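Enquirer: My structure file upload-v5.txt, compact mmCIF, C-alpha atoms and all ligand atoms, is below:
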# COMPACT_ATOMS: atom_id res chain seq x y z
CA MET A 1 33.34 54.73 64.83
CA ALA A 2 33.79 51.61 66.85
CA ALA A 3 37.07 50.35 68.20
CA LEU A 4 38.21 47.84 65.70
CA TYR A 5 41.19 45.72 66.67
CA TYR A 6 43.36 43.55 64.53
CA ARG A 7 46.58 41.67 64.58
CA THR A 8 49.20 42.08 61.93
CA VAL A 9 49.35 39.00 59.75
CA SER A 10 52.96 38.24 60.51
CA PHE A 11 52.39 38.15 64.26
CA GLY A 12 49.40 35.81 63.87
CA VAL A 13 51.28 33.55 61.49
CA VAL A 14 54.31 33.36 63.77
CA LEU A 15 52.17 32.49 66.78
CA SER A 16 50.17 29.83 64.95
CA LEU A 17 53.38 28.24 63.66
CA ILE A 18 54.74 28.07 67.16
CA GLY A 19 51.44 26.54 68.32
CA ALA A 20 51.56 24.01 65.50
CA LEU A 21 55.03 22.90 66.55
CA GLY A 22 53.60 22.05 69.94
CA VAL A 23 55.91 24.29 71.92
CA GLY A 24 53.43 27.12 72.02
CA PHE A 25 52.82 27.22 75.70
CA MET A 26 56.21 28.30 77.00
CA LEU A 27 57.26 30.35 74.02
CA GLY A 28 53.83 31.91 73.65
CA ALA A 29 54.02 33.10 77.22
CA PHE A 30 57.44 34.64 76.94
CA LEU A 31 57.86 35.74 73.33
CA PRO A 32 55.77 38.91 73.38
CA ARG A 33 57.53 40.25 76.45
CA LEU A 34 61.05 39.42 75.34
CA ALA A 35 60.49 40.85 71.89
CA ALA A 36 58.74 43.95 73.17
CA ASP A 37 61.60 44.80 75.52
CA ARG A 38 63.78 45.65 72.54
CA HIS A 39 61.50 48.58 71.80
CA GLU A 40 61.94 50.31 75.11
CA ARG A 41 62.97 53.92 74.87
CA VAL A 42 63.25 57.06 76.89
CA VAL A 43 60.94 60.06 76.55
CA ASP A 44 61.77 63.54 77.78
CA TYR A 45 59.55 64.31 80.79
CA GLU A 46 59.61 68.13 80.59
CA GLU A 47 58.62 67.98 76.93
CA ALA A 48 55.92 65.43 77.66
CA ILE A 49 54.21 67.52 80.35
CA ALA A 50 54.29 70.77 78.37
CA GLY A 51 50.65 71.13 77.50
CA PRO A 52 47.28 72.45 78.60
CA GLU A 53 46.26 72.57 82.23
CA LYS A 54 42.57 72.60 82.99
CA GLU A 55 40.23 74.24 80.55
CA GLY A 56 36.66 75.27 81.21
CA THR A 57 34.82 72.83 83.45
CA ALA A 58 36.88 69.90 82.27
CA GLY A 59 38.03 67.62 85.03
CA SER A 60 36.33 69.62 87.75
CA GLY A 61 34.05 66.77 88.57
CA SER A 62 31.10 69.11 88.79
CA ALA A 63 29.35 67.50 85.85
CA GLY A 64 28.46 64.49 87.93
CA GLU A 65 30.29 62.34 90.38
CA MET A 66 28.85 59.12 91.72
CA GLN A 67 30.30 58.01 95.00
CA PRO A 68 29.78 54.49 96.19
CA ASP A 69 28.41 54.02 99.68
CA ALA A 70 30.86 53.97 102.53
CA GLY A 71 32.37 50.63 103.49
CA ILE A 72 35.17 49.01 101.61
CA TYR A 73 34.66 45.53 100.21
CA ASP A 74 38.03 43.87 99.68
CA GLY A 75 37.99 42.36 96.19
CA PRO A 76 41.71 41.37 96.20
CA VAL A 77 41.31 39.36 99.42
CA PHE A 78 38.24 37.62 97.99
CA ALA A 79 40.14 36.86 94.77
CA ARG A 80 43.07 35.30 96.62
CA SER A 81 40.82 32.71 98.24
CA MET A 82 39.77 31.33 94.83
CA PRO A 83 41.27 28.06 93.53
CA ILE A 84 42.78 28.28 90.03
CA ASP A 85 44.51 24.91 89.73
CA SER A 86 41.65 23.22 87.86
CA MET A 87 38.51 24.37 86.10
CA GLU A 88 36.32 22.00 88.13
CA ALA A 89 37.63 23.28 91.47
CA TRP A 90 37.18 26.84 90.25
CA VAL A 91 33.63 26.23 88.96
CA SER A 92 32.55 24.60 92.24
CA TRP A 93 34.02 27.47 94.23
CA MET A 94 32.22 30.00 92.02
CA GLN A 95 28.92 28.11 92.24
CA ALA A 96 29.14 28.14 96.03
CA ARG A 97 29.45 31.95 96.05
CA GLY A 98 25.90 32.76 94.96
CA ARG A 99 26.98 34.97 92.09
CA GLY A 100 24.77 33.21 89.57
CA ASP A 101 27.45 32.67 86.89
CA SER A 102 26.18 30.10 84.39
CA ARG A 103 28.33 27.02 83.80
CA ASP A 104 28.53 27.71 80.05
CA PHE A 105 29.83 31.23 80.56
CA MET A 106 32.30 30.05 83.16
CA GLU A 107 33.68 27.44 80.78
CA GLU A 108 34.05 30.06 78.04
CA ARG A 109 35.74 32.47 80.45
CA TRP A 110 38.14 29.77 81.63
CA ALA A 111 39.04 28.91 78.02
CA LEU A 112 39.74 32.55 77.16
CA ALA A 113 41.88 32.99 80.27
CA ALA A 114 43.85 29.84 79.43
CA SER A 115 44.55 31.18 75.93
CA PHE A 116 45.75 34.53 77.36
CA LEU A 117 48.13 32.71 79.69
CA LYS A 118 49.71 31.17 76.60
CA THR A 119 50.03 34.43 74.70
CA GLY A 120 51.32 36.29 77.78
CA GLU A 121 48.30 38.61 77.79
CA LEU A 122 47.75 37.43 81.36
CA ASN A 123 51.04 36.88 83.13
CA ARG A 124 50.41 37.15 86.85
CA PRO A 125 48.14 34.87 88.95
CA GLU A 126 46.36 37.89 90.43
CA ASP A 127 45.45 39.17 86.96
CA LEU A 128 44.23 35.70 86.00
CA ARG A 129 42.05 35.65 89.12
CA ALA A 130 40.63 39.11 88.39
CA PHE A 131 39.81 38.06 84.82
CA LEU A 132 38.17 34.80 85.98
CA LEU A 133 36.04 36.68 88.50
CA SER A 134 34.71 39.18 85.95
CA PRO A 135 31.45 38.23 84.18
CA ARG A 136 31.79 39.83 80.75
CA GLU A 137 28.23 38.64 80.04
CA HIS A 138 26.89 41.41 82.30
CA PHE A 139 28.85 44.16 80.52
CA VAL A 140 28.23 43.15 76.89
CA ARG A 141 24.95 44.87 76.03
CA ALA A 142 21.76 42.92 75.29
CA ARG A 143 22.00 43.24 71.51
CA ASN A 144 25.25 41.29 71.47
CA ARG A 145 24.01 38.21 73.30
CA GLY A 146 25.79 35.15 72.00
CA TYR A 147 29.12 36.98 71.68
CA GLU A 148 29.88 37.46 75.38
CA TYR A 149 33.14 35.51 75.19
CA ALA A 150 34.06 36.09 71.57
CA ASP A 151 37.58 37.55 71.63
CA THR A 152 36.52 40.75 69.93
CA TRP A 153 35.33 44.26 70.70
CA LEU A 154 31.57 44.83 70.55
CA PRO A 155 29.47 47.99 70.17
CA ILE A 156 27.78 49.19 73.38
CA GLY A 157 25.91 52.15 71.89
CA TYR A 158 26.77 55.88 71.78
CA GLY A 159 29.63 55.08 69.37
CA ALA A 160 31.53 53.32 72.17
CA THR A 161 32.71 49.73 72.45
CA ILE A 162 33.59 47.13 75.03
CA THR A 163 37.24 46.37 74.35
CA ASP A 164 38.46 42.95 73.17
CA PRO A 165 39.04 40.66 76.16
CA ASP A 166 42.67 39.96 75.19
CA VAL A 167 43.53 43.67 75.02
CA VAL A 168 41.76 44.21 78.35
CA ALA A 169 43.84 41.36 79.81
CA MET A 170 47.08 42.67 78.31
CA MET A 171 46.55 46.24 79.51
CA THR A 172 45.59 44.99 82.97
CA THR A 173 48.56 42.66 83.33
CA THR A 174 50.94 45.43 82.12
CA LEU A 175 49.89 47.62 85.06
CA LYS A 176 51.14 45.11 87.69
CA ILE A 177 48.57 46.39 90.18
CA LYS A 178 49.18 45.75 93.87
CA PRO A 179 46.35 45.78 96.43
CA GLY A 180 45.76 49.27 97.78
CA GLU A 181 47.23 51.05 94.75
CA LYS A 182 45.19 53.88 93.27
CA VAL A 183 44.21 53.13 89.69
CA LEU A 184 42.53 55.60 87.34
CA GLU A 185 40.74 54.48 84.18
CA ILE A 186 39.86 56.92 81.39
CA GLY A 187 36.85 55.72 79.39
CA THR A 188 34.49 53.70 81.65
CA GLY A 189 32.43 52.56 78.65
CA SER A 190 30.73 49.26 79.45
CA GLY A 191 32.26 49.09 82.92
CA TYR A 192 34.06 45.80 82.24
CA GLN A 193 37.63 47.05 82.67
CA SER A 194 36.99 48.66 86.05
CA ALA A 195 35.08 45.56 87.18
CA ILE A 196 38.31 43.61 86.62
CA LEU A 197 40.36 46.27 88.41
CA SER A 198 38.09 45.97 91.47
CA TYR A 199 39.55 42.49 92.14
CA LEU A 200 43.10 43.89 92.09
CA THR A 201 42.74 46.92 94.36
CA THR A 202 40.08 48.67 96.41
CA GLU A 203 41.10 52.05 94.93
CA VAL A 204 39.50 52.20 91.49
CA TYR A 205 38.58 55.51 89.80
CA THR A 206 36.99 55.77 86.37
CA ILE A 207 35.87 58.66 84.16
CA GLU A 208 33.44 58.60 81.23
CA ILE A 209 32.60 61.56 78.98
CA ILE A 210 29.32 60.39 77.39
CA GLU A 211 26.55 61.17 79.86
CA PRO A 212 23.92 58.55 78.93
CA LEU A 213 26.62 55.87 78.87
CA PHE A 214 27.95 57.05 82.23
CA ILE A 215 24.43 56.83 83.70
CA GLU A 216 23.77 53.41 82.15
CA THR A 217 26.99 51.90 83.48
CA ASP A 218 26.60 53.55 86.87
CA GLN A 219 23.17 51.90 87.13
CA LEU A 220 24.61 48.59 85.98
CA TYR A 221 27.21 48.65 88.77
CA HIS A 222 24.47 49.42 91.29
CA ASN A 223 22.36 46.55 89.99
CA LEU A 224 25.28 44.12 90.19
CA GLU A 225 26.62 45.22 93.57
CA GLY A 226 24.58 42.67 95.54
CA ALA A 227 26.10 39.68 93.76
CA PHE A 228 29.43 41.41 92.98
CA PRO A 229 30.18 43.61 95.99
CA SER A 230 33.62 44.70 94.76
CA TYR A 231 31.90 46.99 92.22
CA SER A 232 30.78 49.13 95.14
CA VAL A 233 34.33 50.47 95.54
CA ILE A 234 34.53 51.83 91.97
CA LYS A 235 34.43 55.63 92.10
CA ARG A 236 33.02 57.00 88.87
CA LYS A 237 32.84 60.43 87.36
CA LEU A 238 31.20 62.04 84.35
CA GLY A 239 33.70 64.37 82.71
CA ASP A 240 36.66 64.77 80.43
CA GLY A 241 39.36 62.30 81.43
CA TYR A 242 42.06 64.30 79.60
CA TYR A 243 42.44 66.32 82.79
CA GLY A 244 42.48 63.31 85.10
CA TRP A 245 40.92 63.45 88.54
CA GLU A 246 42.86 66.01 90.51
CA LYS A 247 40.89 65.41 93.69
CA TYR A 248 42.25 61.86 94.07
CA ALA A 249 45.65 62.32 92.41
CA PRO A 250 48.34 61.12 92.38
CA PHE A 251 47.63 57.65 91.01
CA ASP A 252 49.92 54.62 91.09
CA LYS A 253 48.55 53.37 87.80
CA ILE A 254 46.55 54.92 84.93
CA ILE A 255 44.81 53.05 82.13
CA VAL A 256 43.52 54.98 79.13
CA THR A 257 40.98 53.12 77.00
CA CYS A 258 40.43 55.67 74.21
CA SER A 259 42.97 56.47 71.51
CA ILE A 260 45.20 59.52 71.41
CA ASP A 261 48.38 60.54 69.57
CA HIS A 262 50.15 61.94 72.64
CA ILE A 263 50.26 61.23 76.35
CA PRO A 264 47.89 63.72 78.02
CA PRO A 265 50.21 65.94 80.12
CA PRO A 266 47.71 66.25 83.01
CA LEU A 267 47.62 62.45 83.30
CA LEU A 268 51.41 62.26 83.32
CA LYS A 269 51.50 64.80 86.12
CA GLN A 270 48.89 62.85 88.10
CA LEU A 271 50.91 59.64 87.77
CA LYS A 272 53.11 58.91 90.81
CA ALA A 273 56.85 58.56 90.36
CA GLY A 274 57.36 54.82 90.09
CA GLY A 275 53.94 54.56 88.46
CA ILE A 276 52.82 52.99 85.19
CA MET A 277 50.40 54.29 82.56
CA VAL A 278 49.08 52.15 79.72
CA LEU A 279 47.38 53.70 76.71
CA PRO A 280 46.57 53.17 73.01
CA LEU A 281 48.96 55.69 71.48
CA GLY A 282 48.81 56.75 67.85
CA PRO A 283 46.74 58.57 65.26
CA PRO A 284 43.07 57.69 64.71
CA GLY A 285 42.85 54.31 63.04
CA ARG A 286 46.10 52.81 64.26
CA GLN A 287 47.53 52.76 67.74
CA TYR A 288 50.04 50.80 69.74
CA ILE A 289 49.49 49.81 73.35
CA MET A 290 52.20 51.68 75.22
CA GLU A 291 53.42 51.12 78.73
CA VAL A 292 54.78 54.42 80.08
CA LYS A 293 56.91 54.28 83.22
CA LYS A 294 57.61 57.38 85.27
CA GLU A 295 60.64 57.22 87.56
CA ALA A 296 62.27 59.75 89.87
CA SER A 297 66.00 59.78 90.62
CA GLU A 298 67.28 60.43 94.14
CA GLU A 299 67.79 64.06 93.09
CA GLY A 300 64.15 64.21 92.03
CA ASP A 301 64.74 64.22 88.28
CA ILE A 302 61.85 62.57 86.47
CA THR A 303 62.48 60.15 83.62
CA LEU A 304 59.94 58.51 81.36
CA SER A 305 60.39 55.34 79.38
CA ARG A 306 57.93 53.73 77.06
CA ARG A 307 57.49 50.28 75.59
CA ASP A 308 55.14 48.92 72.93
CA VAL A 309 53.66 45.97 74.81
CA TYR A 310 52.52 44.19 71.63
CA ASN A 311 55.82 44.84 69.88
CA GLY A 312 54.48 46.38 66.69
CA MET A 313 50.99 44.91 66.60
CA SER A 314 48.49 47.70 66.12
CA VAL A 315 45.06 48.15 67.66
CA ARG A 316 42.16 50.51 67.01
CA PHE A 317 40.38 52.18 69.90
CA ILE A 318 37.67 54.81 69.66
CA PRO A 319 39.07 58.35 69.88
CA PHE A 320 39.81 60.27 73.05
CA ARG A 321 37.44 63.21 72.59
CA SER A 322 36.90 66.53 74.25
CA GLU A 323 33.63 67.84 75.68
CA THR A 324 32.90 69.59 72.39
CA GLY A 325 33.18 66.21 70.66
CA SER A 326 36.41 66.93 68.78
CA SER A 327 39.29 64.47 68.91
CA TYR A 328 42.38 65.26 70.98
CA SER A 329 44.58 63.77 68.28
CA ALA A 330 46.28 66.40 66.15
CA SER A 331 46.99 64.22 63.14
CA PRO A 332 44.26 63.20 60.70
N1 LIG B 401 37.05 50.55 79.08
C1 LIG B 401 35.88 50.50 78.23
C2 LIG B 401 36.23 51.00 76.85
C3 LIG B 401 35.14 51.78 76.25
S1 LIG B 401 35.54 52.51 74.70
C4 LIG B 401 35.27 49.12 78.15
O1 LIG B 401 35.99 48.13 78.22
O2 LIG B 401 34.07 49.01 77.97
C5 LIG B 401 36.31 54.02 75.19
C6 LIG B 401 35.49 54.94 76.05
O3 LIG B 401 36.23 56.14 76.23
C7 LIG B 401 34.16 55.34 75.45
O4 LIG B 401 33.13 55.00 76.33
C8 LIG B 401 34.27 56.86 75.29
O5 LIG B 401 33.07 57.54 75.48
C9 LIG B 401 35.30 57.19 76.35
N2 LIG B 401 35.98 58.48 76.19
C10 LIG B 401 36.38 59.09 75.05
N3 LIG B 401 36.95 60.30 75.32
C11 LIG B 401 36.90 60.43 76.67
C12 LIG B 401 37.31 61.47 77.57
N4 LIG B 401 37.85 62.61 77.15
N5 LIG B 401 37.12 61.26 78.90
C13 LIG B 401 36.54 60.12 79.37
N6 LIG B 401 36.12 59.13 78.57
C14 LIG B 401 36.29 59.27 77.24
Starting from the file, give its structure as structure tokens.

Expert:
Amino acid sequence: MAALYYRTVSFGVVLSLIGALGVGFMLGAFLPRLAADRHERVVDYEEAIAGPEKEGTAGSGSAGEMQPDAGIYDGPVFARSMPIDSMEAWVSWMQARGRGDSRDFMEERWALAASFLKTGELNRPEDLRAFLLSPREHFVRARNRGYEYADTWLPIGYGATITDPDVVAMMTTTLKIKPGEKVLEIGTGSGYQSAILSYLTTEVYTIEIIEPLFIETDQLYHNLEGAFPSYSVIKRKLGDGYYGWEKYAPFDKIIVTCSIDHIPPPLLKQLKAGGIMVLPLGPPGRQYIMEVKKEASEEGDITLSRRDVYNGMSVRFIPFRSETGSSYSASP
């Protein structure tokens, strides 16, 4: 089943009322964060990491690991040189870069980004830049032409979906990625999320479990690398992301893009102290986007805190599944 995503009516109504009153910009940017902070709470670390270690071949990386060619292209440095003060300045800069973005798509991308600035789903300039540099039109599959910048998820085959742009933006901005940080994505899917990450850091790792989808997206990145060289830094692996990627652990940030009703213990262990994980947490059919922060005290005690970044608004992602195809979620 595809990842369906919806807003609760009350949230939508509240936001539209604020917009209608003409004070939407400032409040829209700050409301979600202020409100969400009230839902912060602490999770017991020892309890959270009690769970399976590696099983079978999962996470070994033997199933297939595609390594980009040597040579690091610095996406974050490229992104910083881009003007974002006006759409015209941005469009001219983009057109001079030989990437081939069409003007229509750029205008649609700019409009989406502007709306996410208002809702707070993009709240740092570097995340805005990464979003503006990422051509969703290349990651939406051919059958969905015409919907490249619709703010919705779309099917990409194999039962998977490309996530809604606003949820992608929100999850990205929650991670507060700094250049050079190691970021692991679980669920490569279309490749769009990691494409965005490649403008925030040169250390991007992504795992996909469906082999034909993994191959398709790997090929897509190769095809796009000439015009979009930052994709060449994305390290990708075919395998079960539940067990993380031990070889490159620990990670500063982890983004899970398939739904699960618990935080996978191996991923928690592979998250650095001081790190952030963002994931759609909840039973199949209804999840909440959680920011999980792992901190270590001076004595080395680990504490976890979690926060619902949308403050009660639910989402629906496709399930986090095992190599046998069963869901990792225990509840129905
Ligand atoms: N980030 C993607 C989202 C794709 S949908 C995008 O924006 O396009 C979620 C993806 O998670 C699917 O491609 C699905 O195959 C993958 N997935 C599910 N369980 C997984 C697992 N155990 N390990 C790695 N990927 C998994």

Enquirer: Would you kindly identify which residues have an atom no farther than 12 Å from (46.7, 55.7, 71.5), using only C-alpha atoms and the file's own coordinates, and write them out as a PDB file with C-alpha atoms, in the frame of the given file?

Expert:
ATOM      1  CA  ALA A   3      37.070  50.350  68.200  1.00  0.00           C
ATOM      2  CA  ILE A 255      44.810  53.050  82.130  1.00  0.00           C
ATOM      3  CA  VAL A 256      43.520  54.980  79.130  1.00  0.00           C
ATOM      4  CA  THR A 257      40.980  53.120  77.000  1.00  0.00           C
ATOM      5  CA  CYS A 258      40.430  55.670  74.210  1.00  0.00           C
ATOM      6  CA  SER A 259      42.970  56.470  71.510  1.00  0.00           C
ATOM      7  CA  ILE A 260      45.200  59.520  71.410  1.00  0.00           C
ATOM      8  CA  ASP A 261      48.380  60.540  69.570  1.00  0.00           C
ATOM      9  CA  HIS A 262      50.150  61.940  72.640  1.00  0.00           C
ATOM     10  CA  ILE A 263      50.260  61.230  76.350  1.00  0.00           C
ATOM     11  CA  PRO A 264      47.890  63.720  78.020  1.00  0.00           C
ATOM     12  CA  MET A 277      50.400  54.290  82.560  1.00  0.00           C
ATOM     13  CA  VAL A 278      49.080  52.150  79.720  1.00  0.00           C
ATOM     14  CA  LEU A 279      47.380  53.700  76.710  1.00  0.00           C
ATOM     15  CA  PRO A 280      46.570  53.170  73.010  1.00  0.00           C
ATOM     16  CA  LEU A 281      48.960  55.690  71.480  1.00  0.00           C
ATOM     17  CA  GLY A 282      48.810  56.750  67.850  1.00  0.00           C
ATOM     18  CA  PRO A 283      46.740  58.570  65.260  1.00  0.00           C
ATOM     19  CA  PRO A 284      43.070  57.690  64.710  1.00  0.00           C
ATOM     20  CA  GLY A 285      42.850  54.310  63.040  1.00  0.00           C
ATOM     21  CA  ARG A 286      46.100  52.810  64.260  1.00  0.00           C
ATOM     22  CA  GLN A 287      47.530  52.760  67.740  1.00  0.00           C
ATOM     23  CA  TYR A 288      50.040  50.800  69.740  1.00  0.00           C
ATOM     24  CA  ILE A 289      49.490  49.810  73.350  1.00  0.00           C
ATOM     25  CA  MET A 290      52.200  51.680  75.220  1.00  0.00           C
ATOM     26  CA  GLU A 291      53.420  51.120  78.730  1.00  0.00           C
ATOM     27  CA  VAL A 292      54.780  54.420  80.080  1.00  0.00           C
ATOM     28  CA  ASP A 308      55.140  48.920  72.930  1.00  0.00           C
ATOM     29  CA  SER A 314      48.490  47.700  66.120  1.00  0.00           C
ATOM     30  CA  VAL A 315      45.060  48.150  67.660  1.00  0.00           C
ATOM     31  CA  ARG A 316      42.160  50.510  67.010  1.00  0.00           C
ATOM     32  CA  PHE A 317      40.380  52.180  69.900  1.00  0.00           C
ATOM     33  CA  ILE A 318      37.670  54.810  69.660  1.00  0.00           C
ATOM     34  CA  PRO A 319      39.070  58.350  69.880  1.00  0.00           C
ATOM     35  CA  PHE A 320      39.810  60.270  73.050  1.00  0.00           C
ATOM     36  CA  ARG A 321      37.440  63.210  72.590  1.00  0.00           C
ATOM     37  CA  SER A 327      39.290  64.470  68.910  1.00  0.00           C
ATOM     38  CA  TYR A 328      42.380  65.260  70.980  1.00  0.00           C
ATOM     39  CA  SER A 329      44.580  63.770  68.280  1.00  0.00           C
ATOM     40  CA  ALA A 330      46.280  66.400  66.150  1.00  0.00           C
ATOM     41  CA  SER A 331      46.990  64.220  63.140  1.00  0.00           C
TER      42      SER A 331
END

Enquirer: May I ask for the distance between CA of Ser92 in chain A and CA of Asp127 in chain A, given in Å to one decimal place?

Expert: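 Distance between the two atoms: 20.2 Å.
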
Enquirer: For Arg99 in chain A, find every residue with an atom within 8 Å (counting all atoms listed in the file), except residues of its own chain fewer than 4 positions away, and show them as number ranges by chain.

Expert: A: 94-95, 227-228

Enquirer: Looking at A:Val168, A:Ala150, A:Leu220, A:Leu268, which one is nearest to ligand LIG 401 (chain B), with distances taken over all atoms listed in the file?

Expert: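 For ligand LIG 401 (chain B), the nearest of the given residues is A:Val168.
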
Enquirer: What does the structure give for the distance between CA of Arg80 in chain A and CA of Leu132 in chain A, in Å to one decimal?

Expert: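 Between CA of Arg80 in chain A and CA of Leu132 in chain A the gap is 11.7 Å.
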
Enquirer: Find the residues around Thr201 in chain A up to 6 Å (all atoms listed in the file counted), leave out those fewer than 4 positions away in its own chain, and share them as a PyMOL selection string.

Expert: chain A and resi 76+179-180

Enquirer: For a quick check of understanding, using all atoms listed in the file, which of A:Leu267, A:Ala130, A:Val140, A:Val77 has the smallest distance to ligand LIG 401 (chain B)?

Expert: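 Nearest to ligand LIG 401 (chain B): A:Val140.
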
Enquirer: Just want the 12 Å neighbourhood of Gly100 in chain A, counted on only C-alpha atoms, with same-chain residues fewer than 4 positions away dropped. Output as a PDB file with C-alpha atoms, keeping the file's coordinate frame.

Expert:
ATOM      1  CA  VAL A  91      33.630  26.230  88.960  1.00  0.00           C
ATOM      2  CA  SER A  92      32.550  24.600  92.240  1.00  0.00           C
ATOM      3  CA  TRP A  93      34.020  27.470  94.230  1.00  0.00           C
ATOM      4  CA  MET A  94      32.220  30.000  92.020  1.00  0.00           C
ATOM      5  CA  GLN A  95      28.920  28.110  92.240  1.00  0.00           C
ATOM      6  CA  ALA A  96      29.140  28.140  96.030  1.00  0.00           C
ATOM      7  CA  ASP A 104      28.530  27.710  80.050  1.00  0.00           C
ATOM      8  CA  PHE A 105      29.830  31.230  80.560  1.00  0.00           C
ATOM      9  CA  MET A 106      32.300  30.050  83.160  1.00  0.00           C
ATOM     10  CA  LEU A 133      36.040  36.680  88.500  1.00  0.00           C
ATOM     11  CA  PRO A 135      31.450  38.230  84.180  1.00  0.00           C
ATOM     12  CA  GLU A 137      28.230  38.640  80.040  1.00  0.00           C
ATOM     13  CA  HIS A 138      26.890  41.410  82.300  1.00  0.00           C
ATOM     14  CA  LEU A 224      25.280  44.120  90.190  1.00  0.00           C
ATOM     15  CA  GLY A 226      24.580  42.670  95.540  1.00  0.00           C
ATOM     16  CA  ALA A 227      26.100  39.680  93.760  1.00  0.00           C
ATOM     17  CA  PHE A 228      29.430  41.410  92.980  1.00  0.00           C
TER      18      PHE A 228
END

Enquirer: Would you list the contacts of Leu128 in chain A as a PDB file with C-alpha atoms, in the frame of the given file, taking every protein, DNA or RNA residue within 10 Å and counting only C-alpha atoms, but skipping same-chain residues closer than 5 positions in sequence?

Expert:
ATOM      1  CA  ALA A  79      40.140  36.860  94.770  1.00  0.00           C
ATOM      2  CA  ILE A  84      42.780  28.280  90.030  1.00  0.00           C
ATOM      3  CA  TRP A 110      38.140  29.770  81.630  1.00  0.00           C
ATOM      4  CA  ALA A 113      41.880  32.990  80.270  1.00  0.00           C
ATOM      5  CA  ALA A 114      43.850  29.840  79.430  1.00  0.00           C
ATOM      6  CA  PHE A 116      45.750  34.530  77.360  1.00  0.00           C
ATOM      7  CA  LEU A 117      48.130  32.710  79.690  1.00  0.00           C
ATOM      8  CA  GLU A 121      48.300  38.610  77.790  1.00  0.00           C
ATOM      9  CA  LEU A 122      47.750  37.430  81.360  1.00  0.00           C
ATOM     10  CA  ASN A 123      51.040  36.880  83.130  1.00  0.00           C
ATOM     11  CA  LEU A 133      36.040  36.680  88.500  1.00  0.00           C
ATOM     12  CA  ALA A 169      43.840  41.360  79.810  1.00  0.00           C
ATOM     13  CA  THR A 172      45.590  44.990  82.970  1.00  0.00           C
ATOM     14  CA  THR A 173      48.560  42.660  83.330  1.00  0.00           C
ATOM     15  CA  ILE A 196      38.310  43.610  86.620  1.00  0.00           C
TER      16      ILE A 196
END

Enquirer: Which one of A:Pro165, A:Gly159, A:Gly187, A:Pro250 sits closest to Glu203 in chain A if you count all atoms listed in the file?

Expert: A:Pro250

Enquirer: Let me make sure I understand: among A:Thr119, A:Thr163, A:Ser232, A:Ser297, which one has the smallest atom-to-atom distance to ligand LIG 401 (chain B) if we use all atoms listed in the file?

Expert: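 Ranking A:Thr119, A:Thr163, A:Ser232, A:Ser297 by distance to ligand LIG 401 (chain B), first place goes to A:Thr163.
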
Enquirer: How many Å separate CA of Ile162 in chain A from CA of Gly146 in chain A?

Expert: 14.6 Å

Enquirer: Between A:Arg97, A:Arg307, A:Arg141, A:Arg129, which residue has the minimum interatomic distance to ligand LIG 401 (chain B), considering only C-alpha atoms and all ligand atoms?

Expert: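 When distances to ligand LIG 401 (chain B) are compared using only C-alpha atoms and all ligand atoms, the smallest one comes from A:Arg141.
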
Enquirer: Return as JSON the centre and edge lengths, in Å with one decimal, of the box along x, y and z that encloses every atom of ligand LIG 401 (chain B) in the file, padded by 5 Å per side.

Expert:
{"center_x": 35.5, "center_y": 55.4, "center_z": 77.0, "size_x": 14.8, "size_y": 24.5, "size_z": 14.7}
